[in-house]
Amino acid sequence: MKIHNFSSGPSILPPEVLQKASEAVLNFNNSGLSLIEISHRDPSFVEIMNSARDLALELLNLEKELRNGTYKHGGYREFKIYEPKERIIMASDYIDRVIHQWYVEHFIKLYFVSQFINTSYACIENRDMH
């Protein structure tokens, strides 16, 4: 049986993504070398590093926006999925999901989990899955 994760935070990755990632560990971009064997000067490695740098800069900019009060949520992408049933998904951009997770961990859980009934298991640590 396929397990589906509907919790907040990281979700289950599609099998195609896991397959591609595992293949890259052994043979990155059909280069004959694994991801950890390619040269740091190789254009594909440089692209990976540039992408990681851009993400880090985006997070630093987020901190700046939060400190000076200029952060605004970027809105949602809407798409349809069909497994296990057809439904519409509204997804935020990565940077907004960072804020969502921070808010859940530092405010919602702190103030509201203690008020939940004992049999509530939704995304609560040490209460297993529902």
# chains A, B, ... in the order shown; residues from 1 in each chain; ligands from 1

call {"tool": "select_by_dssp", "arguments": {"residues": "segment 15-95 of chain A", "states": "helix (DSSP H, G or I)", "output": "PyMOL selection string"}}
result
chain A and resi 15-26+28-30+43-68+94-95

call {"tool": "select_by_dssp", "arguments": {"residues": "chain A", "states": "strand (DSSP E)", "output": "list in words"}}
result
Tyr76, Arg77, Glu78, Phe79, Lys80, Ile81, Arg87, Ile88, Ile89, Met90, Ala91 and Ser92 of chain A

call {"tool": "residues_around", "arguments": {"residues": "Tyr71 of chain A", "least_positions_apart": "2", "cutoff": "12 Å", "atoms": "only C-alpha atoms", "output": "list in words"}}
result
Leu59, Asn61, Leu62, Glu63, Lys64, Glu65, Leu66, Arg67, Asn68, Gly69, His73, Gly74, Ile95, Asp96 and Ile99 of chain A

call {"tool": "closest_residue", "arguments": {"among": "A:Tyr111, A:Asn29, A:Lys80, A:Lys72", "to": "Asp93 of chain A", "atoms": "only C-alpha atoms"}}
result
A:Lys72

call {"tool": "atom_distance", "arguments": {"atom1": "atom CA of Arg97 of chain A", "atom2": "atom CA of Glu23 of chain A"}}
result
27.7 Å
